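Structure file start.txt with compact mmCIF, C-alpha atoms and all ligand atoms:
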# COMPACT_ATOMS: atom_id res chain seq x y z
CA MET A 1 10.04 -5.94 12.31
CA LEU A 2 6.91 -4.87 10.43
CA ASN A 3 3.82 -3.71 12.31
CA LEU A 4 0.46 -5.30 11.61
CA ALA A 5 -3.08 -3.91 11.86
CA ILE A 6 -6.14 -6.07 11.36
CA LEU A 7 -9.49 -4.51 10.39
CA ILE A 8 -12.66 -6.40 11.30
CA SER A 9 -16.42 -5.98 11.43
CA GLY A 10 -17.63 -9.18 13.04
CA ARG A 11 -16.69 -12.67 14.15
CA GLY A 12 -12.96 -12.23 13.68
CA SER A 13 -11.99 -15.86 13.13
CA ASN A 14 -9.42 -15.04 10.44
CA MET A 15 -7.98 -12.38 12.74
CA GLU A 16 -7.76 -14.97 15.51
CA TYR A 17 -5.85 -17.46 13.36
CA ILE A 18 -3.41 -14.78 12.25
CA LEU A 19 -2.83 -13.57 15.82
CA LYS A 20 -2.39 -17.10 17.11
CA SER A 21 0.17 -17.93 14.42
CA ILE A 22 2.09 -14.81 15.45
CA LYS A 23 1.94 -15.85 19.12
CA ARG A 24 3.32 -19.25 18.16
CA LYS A 25 6.26 -17.41 16.57
CA ARG A 26 5.38 -18.64 13.10
CA ILE A 27 5.17 -15.10 11.70
CA PRO A 28 7.79 -12.42 12.40
CA ILE A 29 5.48 -9.41 12.61
CA ASN A 30 4.33 -7.18 15.44
CA PRO A 31 0.51 -7.00 15.78
CA THR A 32 -0.09 -3.50 17.13
CA VAL A 33 -3.82 -2.88 16.67
CA VAL A 34 -7.17 -4.39 15.74
CA ILE A 35 -9.67 -1.84 14.42
CA SER A 36 -13.41 -2.45 14.13
CA ASN A 37 -16.06 -0.30 12.49
CA LYS A 38 -18.67 -2.01 14.68
CA PRO A 39 -18.64 -1.60 18.46
CA ASN A 40 -20.18 -5.04 19.03
CA ALA A 41 -17.89 -7.06 16.74
CA LYS A 42 -17.20 -10.41 18.44
CA GLY A 43 -13.63 -10.32 17.27
CA LEU A 44 -12.88 -7.37 19.57
CA LYS A 45 -13.17 -9.61 22.64
CA ILE A 46 -10.91 -12.21 21.09
CA ALA A 47 -8.28 -9.56 20.29
CA GLU A 48 -8.45 -8.21 23.86
CA LYS A 49 -8.00 -11.71 25.28
CA LEU A 50 -4.93 -12.09 23.13
CA GLY A 51 -3.59 -8.82 24.50
CA ILE A 52 -3.83 -6.74 21.35
CA ASN A 53 -4.89 -3.06 21.40
CA THR A 54 -8.36 -2.54 19.98
CA VAL A 55 -9.87 0.62 18.55
CA ILE A 56 -13.47 1.16 17.50
CA ILE A 57 -14.14 3.68 14.76
CA GLU A 58 -17.86 3.40 14.35
CA SER A 59 -19.05 3.77 10.77
CA LYS A 60 -22.79 3.72 11.46
CA GLY A 61 -24.02 7.28 11.66
CA PHE A 62 -20.55 8.63 10.78
CA LYS A 63 -20.94 12.16 9.53
CA GLY A 64 -18.49 12.72 6.77
CA SER A 65 -17.29 11.21 3.50
CA ARG A 66 -15.71 7.82 2.96
CA LEU A 67 -12.38 9.60 2.84
CA ASP A 68 -13.05 11.36 6.15
CA TYR A 69 -13.73 7.96 7.72
CA ASP A 70 -10.60 6.44 6.20
CA LYS A 71 -8.53 9.38 7.46
CA LYS A 72 -9.51 8.31 10.96
CA ILE A 73 -8.37 4.79 10.20
CA ILE A 74 -5.08 6.05 8.75
CA ALA A 75 -4.46 8.24 11.81
CA THR A 76 -5.05 5.20 14.07
CA LEU A 77 -2.72 3.08 11.94
CA LYS A 78 0.02 5.71 12.24
CA GLN A 79 -0.48 6.02 16.00
CA HIS A 80 0.20 2.30 16.20
CA GLY A 81 3.24 2.35 13.94
CA VAL A 82 1.49 0.83 10.92
CA THR A 83 2.93 3.18 8.31
CA PRO A 84 3.13 2.90 4.53
CA LYS A 85 6.82 2.05 5.00
CA ASN A 86 6.66 -0.28 7.94
CA GLY A 87 3.17 -1.68 8.04
CA LEU A 88 0.79 -4.32 6.80
CA VAL A 89 -3.00 -3.93 6.98
CA CYS A 90 -5.13 -7.08 6.86
CA LEU A 91 -8.82 -6.77 6.10
CA ALA A 92 -10.46 -9.73 7.80
CA GLY A 93 -14.20 -9.59 7.32
CA PHE A 94 -14.08 -5.77 7.26
CA MET A 95 -17.41 -4.94 5.63
CA ARG A 96 -16.53 -1.59 4.10
CA ILE A 97 -15.18 -0.42 0.80
CA ILE A 98 -12.05 1.57 1.37
CA SER A 99 -11.22 4.78 -0.45
CA PRO A 100 -8.77 4.97 -3.38
CA GLN A 101 -6.70 7.44 -1.32
CA PHE A 102 -6.21 4.91 1.48
CA ILE A 103 -5.38 2.17 -1.03
CA ARG A 104 -2.85 4.36 -2.87
CA LYS A 105 -1.20 5.43 0.37
CA TYR A 106 -0.72 1.82 1.46
CA LYS A 107 -0.09 0.43 -2.03
CA ASN A 108 0.47 -3.33 -1.93
CA ARG A 109 0.36 -3.25 1.85
CA ILE A 110 -3.32 -4.02 2.31
CA MET A 111 -4.46 -7.64 2.05
CA ASN A 112 -7.93 -9.14 1.99
CA ILE A 113 -9.39 -12.64 2.19
CA HIS A 114 -12.27 -13.54 -0.08
CA PRO A 115 -14.32 -16.75 0.21
CA ALA A 116 -14.25 -17.71 -3.49
CA LEU A 117 -11.71 -18.46 -6.18
CA LEU A 118 -11.26 -15.03 -7.71
CA PRO A 119 -11.87 -13.74 -10.32
CA ALA A 120 -15.00 -15.93 -10.01
CA PHE A 121 -17.66 -14.62 -7.65
CA PRO A 122 -16.39 -11.26 -6.43
CA GLY A 123 -18.61 -9.29 -4.03
CA LEU A 124 -20.90 -10.54 -1.28
CA ASP A 125 -22.70 -13.80 -0.45
CA VAL A 126 -20.40 -15.69 -2.72
CA GLN A 127 -20.65 -19.16 -1.14
CA LYS A 128 -24.38 -19.08 -1.94
CA GLN A 129 -23.66 -17.87 -5.46
CA ALA A 130 -21.19 -20.71 -6.01
CA VAL A 131 -23.68 -23.37 -4.84
CA GLU A 132 -26.48 -21.89 -6.93
CA TYR A 133 -24.35 -21.55 -10.02
CA GLY A 134 -23.41 -25.21 -9.78
CA VAL A 135 -19.65 -24.87 -9.94
CA LYS A 136 -17.81 -28.02 -8.86
CA PHE A 137 -15.01 -26.20 -7.10
CA SER A 138 -14.78 -23.02 -5.11
CA GLY A 139 -12.37 -21.96 -2.39
CA CYS A 140 -10.75 -18.84 -1.07
CA THR A 141 -8.27 -16.20 -2.15
CA VAL A 142 -5.88 -13.90 -0.32
CA HIS A 143 -5.08 -10.88 -2.46
CA PHE A 144 -3.67 -7.39 -2.27
CA VAL A 145 -6.33 -4.71 -2.34
CA ASP A 146 -6.41 -2.45 -5.37
CA GLU A 147 -9.04 0.06 -6.41
CA GLY A 148 -11.45 -2.50 -7.84
CA VAL A 149 -13.73 -4.85 -5.92
CA ASP A 150 -11.75 -8.04 -5.18
CA THR A 151 -9.49 -7.48 -8.19
CA GLY A 152 -6.00 -7.02 -6.73
CA PRO A 153 -2.98 -9.29 -7.27
CA ILE A 154 -3.62 -12.79 -5.93
CA ILE A 155 -1.24 -14.09 -3.28
CA ILE A 156 -2.59 -17.55 -2.34
CA GLN A 157 -5.66 -19.58 -3.26
CA SER A 158 -7.04 -22.80 -1.87
CA VAL A 159 -9.53 -25.03 -3.67
CA VAL A 160 -12.57 -26.66 -2.07
CA ARG A 161 -14.63 -29.30 -3.91
CA ILE A 162 -18.37 -28.72 -3.87
CA LYS A 163 -20.47 -31.75 -2.98
CA ASN A 164 -23.94 -32.52 -4.33
CA ARG A 165 -25.52 -31.92 -0.96
CA ASP A 166 -23.72 -28.70 -0.13
CA THR A 167 -25.69 -25.70 1.03
CA SER A 168 -24.13 -22.26 1.26
CA GLU A 169 -23.63 -22.92 5.00
CA THR A 170 -21.83 -26.27 4.65
CA LEU A 171 -19.67 -24.89 1.86
CA ALA A 172 -18.87 -21.71 3.82
CA LYS A 173 -17.72 -23.84 6.74
CA ARG A 174 -15.28 -25.88 4.62
CA ILE A 175 -14.01 -22.76 2.86
CA LEU A 176 -13.46 -21.04 6.21
CA LYS A 177 -11.17 -23.88 7.32
CA GLU A 178 -9.01 -23.16 4.29
CA GLU A 179 -9.13 -19.40 4.94
CA HIS A 180 -7.66 -20.06 8.37
CA LYS A 181 -4.68 -21.77 6.73
CA ILE A 182 -3.93 -19.45 3.84
CA TYR A 183 -4.38 -16.05 5.50
CA PRO A 184 -1.71 -16.60 8.18
CA GLU A 185 0.51 -18.10 5.48
CA ALA A 186 0.13 -15.01 3.27
CA VAL A 187 1.01 -12.75 6.21
CA ARG A 188 4.05 -14.94 6.92
CA LEU A 189 5.22 -14.66 3.31
CA PHE A 190 4.81 -10.88 3.43
CA ALA A 191 6.61 -10.57 6.76
CA LYS A 192 9.48 -12.66 5.40
CA LYS A 193 9.60 -10.46 2.27
CA LYS A 194 8.92 -13.41 0.01
CA ILE A 195 6.27 -11.73 -2.12
CA ARG A 196 7.28 -9.74 -5.18
CA ILE A 197 4.72 -8.01 -7.35
CA SER A 198 5.08 -7.86 -11.08
CA GLY A 199 2.19 -6.12 -12.84
CA ARG A 200 -0.91 -7.85 -11.56
CA LYS A 201 0.96 -11.02 -10.59
CA THR A 202 2.67 -11.93 -7.38
CA ILE A 203 5.82 -14.00 -7.46
CA ILE A 204 6.40 -16.01 -4.32
CA SER A 205 9.94 -17.11 -3.56
C1 LIG B 1 -14.73 -14.65 5.80
O1 LIG B 1 -15.50 -15.61 5.13
C2 LIG B 1 -13.92 -13.85 4.80
O2 LIG B 1 -13.53 -14.59 3.69
C3 LIG B 1 -14.88 -12.76 4.39
O3 LIG B 1 -15.58 -12.45 5.57
C4 LIG B 1 -15.58 -13.57 6.45
C5 LIG B 1 -14.99 -13.08 7.75
O4 LIG B 1 -15.01 -14.06 8.74
N1 LIG B 1 -14.17 -11.65 3.81
P1 LIG B 1 -14.23 -13.84 10.10
O5 LIG B 1 -14.74 -12.52 10.69
O6 LIG B 1 -12.77 -13.79 9.80
O7 LIG B 1 -14.61 -15.00 10.97
Please, can you express the file's structure as structure tokens?
Amino acid sequence: MLNLAILISGRGSNMEYILKSIKRKRIPINPTVVISNKPNAKGLKIAEKLGINTVIIESKGFKGSRLDYDKKIIATLKQHGVTPKNGLVCLAGFMRIISPQFIRKYKNRIMNIHPALLPAFPGLDVQKQAVEYGVKFSGCTVHFVDEGVDTGPIIIQSVVRIKNRDTSETLAKRILKEEHKIYPEAVRLFAKKKIRISGRKTIIS
């Protein structure tokens, strides 16, 4: 079975949904570690309650380059059996850009969830941007991580209609509900080897 690591920085609700789907035996993958760059991330407590190993690699005040930091992450992944051959890394609200070296090492084995319909609204604060722009639909995207910002091959998307009265908060809440469905599903597809990548497309069987 593949080994899974989840990287978080905060609330950890996507992490929680993934871990709970695994517990319910919906996803054949072995969750070996949750890593946070913030010592006070709420998600750490949730992971501990679910019996998953947690590791904090604090980024604030870290003396060294981005690559030095990522080397610490990679060493932790390896210690927990999450290798480029046998691992999957899920970024779930992990608020750091990761180095090209890390991405290349784990090519097509790092996933991310983004709260917009990519390629629209990459980056941060995107629910607010969607409301302010006046788009009628937004949603969320699970994608593989490549060296761009939110540009990797798309695995699953879910659409959310924007209502006249939506604020960024109300929209974010409805999008989050969809995130909680599609992220575990993307991990399941990966664990069952149902995702093939062809150029920048994924083909799901
Ligand atoms: C989610 O909206 C996700 O799309 C974005 O960061 C947020 C993380 O939320 N990348 P949580 O920590 O999973 O609750």
Would you mind listing the residues within 9 Å of ligand LIG 1 (chain B), counting only C-alpha atoms and all ligand atoms, as a CSV table (one decimal) with C-alpha atoms, in the coordinates of the input?
chain,number,residue,atom,x,y,z
A,8,ILE,CA,-12.7,-6.4,11.3
A,9,SER,CA,-16.4,-6.0,11.4
A,10,GLY,CA,-17.6,-9.2,13.0
A,11,ARG,CA,-16.7,-12.7,14.2
A,12,GLY,CA,-13.0,-12.2,13.7
A,13,SER,CA,-12.0,-15.9,13.1
A,14,ASN,CA,-9.4,-15.0,10.4
A,15,MET,CA,-8.0,-12.4,12.7
A,16,GLU,CA,-7.8,-15.0,15.5
A,17,TYR,CA,-5.8,-17.5,13.4
A,41,ALA,CA,-17.9,-7.1,16.7
A,42,LYS,CA,-17.2,-10.4,18.4
A,43,GLY,CA,-13.6,-10.3,17.3
A,91,LEU,CA,-8.8,-6.8,6.1
A,92,ALA,CA,-10.5,-9.7,7.8
A,93,GLY,CA,-14.2,-9.6,7.3
A,94,PHE,CA,-14.1,-5.8,7.3
A,95,MET,CA,-17.4,-4.9,5.6
A,112,ASN,CA,-7.9,-9.1,2.0
A,113,ILE,CA,-9.4,-12.6,2.2
A,114,HIS,CA,-12.3,-13.5,-0.1
A,115,PRO,CA,-14.3,-16.8,0.2
A,116,ALA,CA,-14.2,-17.7,-3.5
A,124,LEU,CA,-20.9,-10.5,-1.3
A,127,GLN,CA,-20.6,-19.2,-1.1
A,140,CYS,CA,-10.8,-18.8,-1.1
A,141,THR,CA,-8.3,-16.2,-2.2
A,142,VAL,CA,-5.9,-13.9,-0.3
A,172,ALA,CA,-18.9,-21.7,3.8
A,173,LYS,CA,-17.7,-23.8,6.7
A,175,ILE,CA,-14.0,-22.8,2.9
A,176,LEU,CA,-13.5,-21.0,6.2
A,179,GLU,CA,-9.1,-19.4,4.9
A,180,HIS,CA,-7.7,-20.1,8.4
Would you work out the distance separating CA of Pro184 in chain A from CA of Ile103 in chain A, expressed in Å to one decimal? 21.2 Å
Just to confirm, what's the straight-line distance from CA of Pro84 in chain A to CA of Tyr106 in chain A in Å (one decimal)?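 The value is 5.0 Å.
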A straight line from CA of Gly81 in chain A to CA of Gly61 in chain A spans 27.8 Å
Using all atoms listed in the file, which of A:Val33, A:Lys60, A:Thr202, A:Gly123 sits nearest Asp150 in chain A? A:Gly123
What's the 9 Å shell around Lys163 in chain A, counting all atoms listed in the file, without same-chain residues fewer than 3 positions away, as a list in words?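 After dropping sequence-adjacent residues, the list is Lys136, Phe137, Asp166, Thr167 and Leu171 of chain A.
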Just want the 10 Å neighbourhood of His80 in chain A, counted on only C-alpha atoms, with same-chain residues fewer than 5 positions away dropped. Output as an MDAnalysis selection string. chainID A and resid 3:5 31:34 53 74:75 87
Looking at A:Val145, A:Val160, A:Met111, A:Ile56, which one is nearest to Arg174 in chain A, with distances taken over all atoms listed in the file?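 Looking at the shortest contact to Arg174 in chain A, the residue is A:Val160.
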12 Å contact set for Lys105 in chain A, all atoms listed in the file, chain neighbours under 3 positions out, as number ranges by chain: A: 70-71, 74, 77-78, 82-85, 87-89, 98-102, 108-110, 145-147
Return range 135-166 of chain A, completed with N, CA and C atoms, as a PDB file, in the coordinates of the input.
ATOM      1  N   VAL A 135     -21.066 -24.589  -9.701  1.00  0.00           N
ATOM      2  CA  VAL A 135     -19.650 -24.870  -9.940  1.00  0.00           C
ATOM      3  C   VAL A 135     -19.231 -26.082  -9.106  1.00  0.00           C
ATOM      4  N   LYS A 136     -18.244 -26.807  -9.562  1.00  0.00           N
ATOM      5  CA  LYS A 136     -17.810 -28.020  -8.860  1.00  0.00           C
ATOM      6  C   LYS A 136     -16.706 -27.724  -7.844  1.00  0.00           C
ATOM      7  N   PHE A 137     -16.065 -26.606  -8.036  1.00  0.00           N
ATOM      8  CA  PHE A 137     -15.010 -26.200  -7.100  1.00  0.00           C
ATOM      9  C   PHE A 137     -15.188 -24.734  -6.740  1.00  0.00           C
ATOM     10  N   SER A 138     -14.926 -24.422  -5.484  1.00  0.00           N
ATOM     11  CA  SER A 138     -14.780 -23.020  -5.110  1.00  0.00           C
ATOM     12  C   SER A 138     -13.563 -22.956  -4.186  1.00  0.00           C
ATOM     13  N   GLY A 139     -13.542 -22.025  -3.270  1.00  0.00           N
ATOM     14  CA  GLY A 139     -12.370 -21.960  -2.390  1.00  0.00           C
ATOM     15  C   GLY A 139     -12.218 -20.579  -1.823  1.00  0.00           C
ATOM     16  N   CYS A 140     -10.984 -20.170  -1.620  1.00  0.00           N
ATOM     17  CA  CYS A 140     -10.750 -18.840  -1.070  1.00  0.00           C
ATOM     18  C   CYS A 140      -9.466 -18.256  -1.648  1.00  0.00           C
ATOM     19  N   THR A 141      -9.375 -16.945  -1.526  1.00  0.00           N
ATOM     20  CA  THR A 141      -8.270 -16.200  -2.150  1.00  0.00           C
ATOM     21  C   THR A 141      -7.771 -15.136  -1.184  1.00  0.00           C
ATOM     22  N   VAL A 142      -6.469 -15.073  -0.982  1.00  0.00           N
ATOM     23  CA  VAL A 142      -5.880 -13.900  -0.320  1.00  0.00           C
ATOM     24  C   VAL A 142      -5.260 -13.046  -1.415  1.00  0.00           C
ATOM     25  N   HIS A 143      -5.590 -11.766  -1.405  1.00  0.00           N
ATOM     26  CA  HIS A 143      -5.080 -10.880  -2.460  1.00  0.00           C
ATOM     27  C   HIS A 143      -4.742  -9.507  -1.893  1.00  0.00           C
ATOM     28  N   PHE A 144      -3.891  -8.792  -2.612  1.00  0.00           N
ATOM     29  CA  PHE A 144      -3.670  -7.390  -2.270  1.00  0.00           C
ATOM     30  C   PHE A 144      -4.897  -6.605  -2.717  1.00  0.00           C
ATOM     31  N   VAL A 145      -5.157  -5.515  -2.021  1.00  0.00           N
ATOM     32  CA  VAL A 145      -6.330  -4.710  -2.340  1.00  0.00           C
ATOM     33  C   VAL A 145      -5.913  -3.614  -3.318  1.00  0.00           C
ATOM     34  N   ASP A 146      -6.608  -3.581  -4.460  1.00  0.00           N
ATOM     35  CA  ASP A 146      -6.410  -2.450  -5.370  1.00  0.00           C
ATOM     36  C   ASP A 146      -7.742  -1.687  -5.443  1.00  0.00           C
ATOM     37  N   GLU A 147      -7.869  -0.819  -6.440  1.00  0.00           N
ATOM     38  CA  GLU A 147      -9.040   0.060  -6.410  1.00  0.00           C
ATOM     39  C   GLU A 147     -10.324  -0.590  -6.924  1.00  0.00           C
ATOM     40  N   GLY A 148     -10.231  -1.800  -7.418  1.00  0.00           N
ATOM     41  CA  GLY A 148     -11.450  -2.500  -7.840  1.00  0.00           C
ATOM     42  C   GLY A 148     -12.034  -3.306  -6.685  1.00  0.00           C
ATOM     43  N   VAL A 149     -13.144  -3.996  -6.951  1.00  0.00           N
ATOM     44  CA  VAL A 149     -13.730  -4.850  -5.920  1.00  0.00           C
ATOM     45  C   VAL A 149     -13.185  -6.267  -6.096  1.00  0.00           C
ATOM     46  N   ASP A 150     -12.336  -6.685  -5.177  1.00  0.00           N
ATOM     47  CA  ASP A 150     -11.750  -8.040  -5.180  1.00  0.00           C
ATOM     48  C   ASP A 150     -10.926  -8.319  -6.444  1.00  0.00           C
ATOM     49  N   THR A 151     -10.221  -7.306  -6.924  1.00  0.00           N
ATOM     50  CA  THR A 151      -9.490  -7.480  -8.190  1.00  0.00           C
ATOM     51  C   THR A 151      -7.971  -7.444  -8.048  1.00  0.00           C
ATOM     52  N   GLY A 152      -7.446  -7.229  -6.856  1.00  0.00           N
ATOM     53  CA  GLY A 152      -6.000  -7.020  -6.730  1.00  0.00           C
ATOM     54  C   GLY A 152      -5.186  -8.283  -6.930  1.00  0.00           C
ATOM     55  N   PRO A 153      -3.865  -8.141  -7.048  1.00  0.00           N
ATOM     56  CA  PRO A 153      -2.980  -9.290  -7.270  1.00  0.00           C
ATOM     57  C   PRO A 153      -3.185 -10.412  -6.253  1.00  0.00           C
ATOM     58  N   ILE A 154      -3.326 -11.619  -6.778  1.00  0.00           N
ATOM     59  CA  ILE A 154      -3.620 -12.790  -5.930  1.00  0.00           C
ATOM     60  C   ILE A 154      -2.333 -13.302  -5.287  1.00  0.00           C
ATOM     61  N   ILE A 155      -2.411 -13.591  -4.012  1.00  0.00           N
ATOM     62  CA  ILE A 155      -1.240 -14.090  -3.280  1.00  0.00           C
ATOM     63  C   ILE A 155      -1.318 -15.606  -3.090  1.00  0.00           C
ATOM     64  N   ILE A 156      -2.411 -16.093  -2.524  1.00  0.00           N
ATOM     65  CA  ILE A 156      -2.590 -17.550  -2.340  1.00  0.00           C
ATOM     66  C   ILE A 156      -4.060 -17.884  -2.585  1.00  0.00           C
ATOM     67  N   GLN A 157      -4.290 -19.067  -3.162  1.00  0.00           N
ATOM     68  CA  GLN A 157      -5.660 -19.580  -3.260  1.00  0.00           C
ATOM     69  C   GLN A 157      -5.702 -21.008  -2.753  1.00  0.00           C
ATOM     70  N   SER A 158      -6.858 -21.410  -2.263  1.00  0.00           N
ATOM     71  CA  SER A 158      -7.040 -22.800  -1.870  1.00  0.00           C
ATOM     72  C   SER A 158      -8.371 -23.279  -2.433  1.00  0.00           C
ATOM     73  N   VAL A 159      -8.358 -24.508  -2.961  1.00  0.00           N
ATOM     74  CA  VAL A 159      -9.530 -25.030  -3.670  1.00  0.00           C
ATOM     75  C   VAL A 159     -10.347 -25.933  -2.756  1.00  0.00           C
ATOM     76  N   VAL A 160     -11.652 -25.796  -2.836  1.00  0.00           N
ATOM     77  CA  VAL A 160     -12.570 -26.660  -2.070  1.00  0.00           C
ATOM     78  C   VAL A 160     -13.562 -27.276  -3.061  1.00  0.00           C
ATOM     79  N   ARG A 161     -13.692 -28.618  -3.009  1.00  0.00           N
ATOM     80  CA  ARG A 161     -14.630 -29.300  -3.910  1.00  0.00           C
ATOM     81  C   ARG A 161     -16.064 -29.126  -3.391  1.00  0.00           C
ATOM     82  N   ILE A 162     -16.966 -28.872  -4.289  1.00  0.00           N
ATOM     83  CA  ILE A 162     -18.370 -28.720  -3.870  1.00  0.00           C
ATOM     84  C   ILE A 162     -19.091 -30.050  -4.036  1.00  0.00           C
ATOM     85  N   LYS A 163     -19.764 -30.468  -2.960  1.00  0.00           N
ATOM     86  CA  LYS A 163     -20.470 -31.750  -2.980  1.00  0.00           C
ATOM     87  C   LYS A 163     -21.931 -31.543  -3.392  1.00  0.00           C
ATOM     88  N   ASN A 164     -22.543 -32.632  -3.869  1.00  0.00           N
ATOM     89  CA  ASN A 164     -23.940 -32.520  -4.330  1.00  0.00           C
ATOM     90  C   ASN A 164     -24.849 -31.936  -3.258  1.00  0.00           C
ATOM     91  N   ARG A 165     -24.593 -32.346  -2.014  1.00  0.00           N
ATOM     92  CA  ARG A 165     -25.520 -31.920  -0.960  1.00  0.00           C
ATOM     93  C   ARG A 165     -25.170 -30.595  -0.301  1.00  0.00           C
ATOM     94  N   ASP A 166     -24.133 -29.944  -0.786  1.00  0.00           N
ATOM     95  CA  ASP A 166     -23.720 -28.700  -0.130  1.00  0.00           C
ATOM     96  C   ASP A 166     -24.801 -27.620  -0.142  1.00  0.00           C
TER      97      ASP A 166
END
